[in-house]
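S.K.: upload-v2.cif (mmCIF, C-alpha atoms) pasted underneath:
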data_entry
loop_
_atom_site.group_PDB
_atom_site.id
_atom_site.type_symbol
_atom_site.label_atom_id
_atom_site.label_comp_id
_atom_site.auth_asym_id
_atom_site.auth_seq_id
_atom_site.Cartn_x
_atom_site.Cartn_y
_atom_site.Cartn_z
ATOM 1 C CA MET A 1 7.708 0.740 -38.642
ATOM 2 C CA LEU A 2 9.583 -0.211 -41.752
ATOM 3 C CA GLY A 3 7.243 1.376 -44.207
ATOM 4 C CA SER A 4 3.680 2.269 -44.975
ATOM 5 C CA PRO A 5 1.675 2.226 -48.186
ATOM 6 C CA THR A 6 2.334 5.930 -48.706
ATOM 7 C CA GLN A 7 6.010 5.993 -47.721
ATOM 8 C CA PRO A 8 8.746 3.615 -48.768
ATOM 9 C CA ALA A 9 10.869 1.949 -46.125
ATOM 10 C CA THR A 10 14.041 3.961 -45.602
ATOM 11 C CA ALA A 11 15.692 3.083 -42.321
ATOM 12 C CA LEU A 12 14.921 1.503 -39.010
ATOM 13 C CA GLU A 13 13.847 3.791 -36.190
ATOM 14 C CA PRO A 14 16.407 4.039 -33.411
ATOM 15 C CA MET A 15 15.814 1.939 -30.336
ATOM 16 C CA PRO A 16 15.057 3.856 -27.143
ATOM 17 C CA PRO A 17 17.865 3.814 -24.582
ATOM 18 C CA VAL A 18 17.448 1.025 -22.061
ATOM 19 C CA LEU A 19 19.047 2.762 -19.097
ATOM 20 C CA THR A 20 16.612 5.659 -18.811
ATOM 21 C CA LEU A 21 14.249 5.980 -15.862
ATOM 22 C CA ALA A 22 11.247 5.990 -18.206
ATOM 23 C CA ALA A 23 12.168 2.506 -19.408
ATOM 24 C CA TRP A 24 12.348 1.172 -15.833
ATOM 25 C CA ARG A 25 9.357 3.082 -14.415
ATOM 26 C CA PRO A 26 6.815 0.240 -14.917
ATOM 27 C CA LEU A 27 9.070 -2.148 -12.986
ATOM 28 C CA LEU A 28 9.705 0.106 -9.962
ATOM 29 C CA PRO A 29 6.620 -0.952 -7.917
ATOM 30 C CA GLY A 30 7.495 -4.617 -8.370
ATOM 31 C CA ILE A 31 11.129 -4.037 -7.460
ATOM 32 C CA ALA A 32 10.032 -2.209 -4.299
ATOM 33 C CA CYS A 33 7.599 -4.997 -3.346
ATOM 34 C CA TRP A 34 10.208 -7.698 -3.846
ATOM 35 C CA ALA A 35 12.828 -5.686 -1.958
ATOM 36 C CA LEU A 36 10.416 -5.329 0.957
ATOM 37 C CA ALA A 37 9.506 -9.012 0.825
ATOM 38 C CA LEU A 38 13.120 -10.145 0.734
ATOM 39 C CA TYR A 39 14.453 -7.644 3.277
ATOM 40 C CA LEU A 40 13.899 -9.786 6.388
ATOM 41 C CA PRO A 41 15.269 -13.079 4.987
ATOM 42 C CA LEU A 42 18.295 -11.260 3.590
ATOM 43 C CA SER A 43 18.958 -9.393 6.831
ATOM 44 C CA LEU A 44 20.060 -12.582 8.609
ATOM 45 C CA PRO A 45 23.432 -12.793 6.784
ATOM 46 C CA LEU A 46 23.962 -9.114 7.549
ATOM 47 C CA ALA A 47 24.236 -9.968 11.256
ATOM 48 C CA ARG A 48 27.771 -11.218 10.547
ATOM 49 C CA LEU A 49 28.590 -7.916 8.842
ATOM 50 C CA GLU A 50 27.210 -6.077 11.856
ATOM 51 C CA GLY A 51 29.495 -8.063 14.155
ATOM 52 C CA ARG A 52 32.521 -7.314 12.005
ATOM 53 C CA LEU A 53 31.641 -3.629 11.839
ATOM 54 C CA ALA A 54 31.340 -3.464 15.620
ATOM 55 C CA ALA A 55 34.877 -4.811 15.948
ATOM 56 C CA GLY A 56 36.192 -2.572 13.157
ATOM 57 C CA PRO A 57 37.720 0.895 13.240
ATOM 58 C CA LEU A 58 34.518 2.756 12.277
ATOM 59 C CA GLY A 59 32.536 4.593 14.898
ATOM 60 C CA ALA A 60 28.917 3.834 15.735
ATOM 61 C CA GLY A 61 27.545 6.267 13.164
ATOM 62 C CA GLY A 62 29.815 5.047 10.389
ATOM 63 C CA SER A 63 29.068 1.384 10.996
ATOM 64 C CA GLU A 64 25.317 2.074 11.071
ATOM 65 C CA LEU A 65 25.562 3.909 7.759
ATOM 66 C CA VAL A 66 27.538 1.067 6.157
ATOM 67 C CA LEU A 67 25.068 -1.497 7.506
ATOM 68 C CA LEU A 68 22.088 0.538 6.267
ATOM 69 C CA LEU A 69 23.549 0.966 2.782
ATOM 70 C CA ALA A 70 24.525 -2.705 2.589
ATOM 71 C CA SER A 71 21.081 -3.936 3.627
ATOM 72 C CA LEU A 72 19.257 -1.576 1.265
ATOM 73 C CA GLY A 73 21.587 -2.417 -1.605
ATOM 74 C CA LEU A 74 21.206 -6.142 -1.018
ATOM 75 C CA ALA A 75 17.408 -5.930 -0.802
ATOM 76 C CA LEU A 76 17.109 -3.739 -3.907
ATOM 77 C CA THR A 77 19.461 -5.970 -5.887
ATOM 78 C CA ALA A 78 17.517 -9.079 -4.908
ATOM 79 C CA GLY A 79 14.248 -7.273 -5.654
ATOM 80 C CA LEU A 80 15.502 -6.260 -9.079
ATOM 81 C CA ALA A 81 16.637 -9.804 -9.845
ATOM 82 C CA ALA A 82 13.315 -11.299 -8.711
ATOM 83 C CA GLU A 83 11.266 -8.740 -10.656
ATOM 84 C CA LEU A 84 13.286 -9.208 -13.841
ATOM 85 C CA ALA A 85 13.240 -13.010 -13.639
ATOM 86 C CA LEU A 86 9.538 -13.260 -12.878
ATOM 87 C CA GLY A 87 8.679 -10.405 -15.226
ATOM 88 C CA TRP A 88 10.462 -12.193 -18.029
ATOM 89 C CA SER A 89 8.823 -15.548 -17.354
ATOM 90 C CA LEU A 90 5.312 -14.481 -16.273
ATOM 91 C CA GLY A 91 4.949 -10.859 -17.312
ATOM 92 C CA PRO A 92 5.546 -7.648 -15.374
ATOM 93 C CA GLY A 93 2.003 -7.418 -13.992
ATOM 94 C CA TRP A 94 2.133 -10.898 -12.515
ATOM 95 C CA ALA A 95 5.602 -10.344 -11.093
ATOM 96 C CA THR A 96 4.486 -7.160 -9.320
ATOM 97 C CA SER A 97 1.376 -8.871 -7.928
ATOM 98 C CA MET A 98 3.449 -11.783 -6.654
ATOM 99 C CA GLY A 99 5.869 -9.338 -5.032
ATOM 100 C CA LEU A 100 3.022 -7.601 -3.214
ATOM 101 C CA LEU A 101 1.579 -10.903 -2.024
ATOM 102 C CA THR A 102 4.994 -12.085 -0.860
ATOM 103 C CA ALA A 103 5.576 -8.830 1.039
ATOM 104 C CA LEU A 104 2.219 -9.158 2.796
ATOM 105 C CA TRP A 105 2.867 -12.842 3.479
ATOM 106 C CA SER A 106 6.240 -12.136 5.087
ATOM 107 C CA LEU A 107 4.689 -9.318 7.134
ATOM 108 C CA GLY A 108 2.027 -11.740 8.355
ATOM 109 C CA PHE A 109 4.660 -14.293 9.358
ATOM 110 C CA ALA A 110 6.691 -11.626 11.132
ATOM 111 C CA LEU A 111 3.675 -10.505 13.128
ATOM 112 C CA ALA A 112 2.685 -14.110 13.909
ATOM 113 C CA SER A 113 6.153 -14.993 15.164
ATOM 114 C CA ARG A 114 6.195 -11.853 17.301
ATOM 115 C CA ASN A 115 2.970 -12.910 19.021
ATOM 116 C CA GLN A 116 4.378 -16.373 19.805
ATOM 117 C CA ALA A 117 7.446 -15.025 21.584
#
How would this structure read if it were set down as structure tokens?
M.R.:
Amino acid sequence: MLGSPTQPATALEPMPPVLTLAAWRPLLPGIACWALALYLPLSLPLARLEGRLAAGPLGAGGSELVLLLASLGLALTAGLAAELALGWSLGPGWATSMGLLTALWSLGFALASRNQA
């Protein structure tokens, strides 16, 4: 606060650092929900990466590790982008709720398509 009736205004209080875990902690559930919801749609382009890794010089264990890290990184990046965009426009609570609903919706579609096959 700039000042109070008993104290004159001297200087602005320093801003908290943005890159601390405490600053991001309220957004983590929403990021996880969006990452889970977007994991299956984003895994389709990773099939091409899997084909290239199979033909590459890495062994089976190395290519699986690269594929795992790429899919997790892609899902978490997309989840972070969705949470930040929706959190900015709607509010963090709404963005997290929409992420949870989207994750459950995609799980329902995955189970429904599995029963049709």
S.K.: Could you tell me how far CA of Ala82 in chain A lies from CA of Ala95 in chain A, in Å and to one decimal?
M.R.: 8.1 Å
S.K.: Distance CA of Pro29 in chain A-CA of Thr96 in chain A, one decimal place?
M.R.: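 Taking CA of Pro29 in chain A as the start and CA of Thr96 in chain A as the end point, the length is 6.7 Å.
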S.K.: Adding 4 Å on each side of the box along x, y and z that holds all listed atoms of range 43-46 of chain A, could you give its centre and edge lengths in Å to one decimal, as JSON?
M.R.:
{"center_x": 21.5, "center_y": -11.0, "center_z": 7.7, "size_x": 13.0, "size_y": 11.7, "size_z": 9.8}
S.K.: On this structure, which residues satisfy the PyMOL selection byres ((chain A and resi 35-41) around 9), written as a ChimeraX atom specification?
M.R.: /A:30-34,42-45,71-72,74-80,82,99-107,110
S.K.: Suppose you want the space between CA of Leu28 in chain A and CA of Leu90 in chain A; what is it in Å?
M.R.: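 Taking CA of Leu28 in chain A as the start and CA of Leu90 in chain A as the end point, the length is 16.5 Å.
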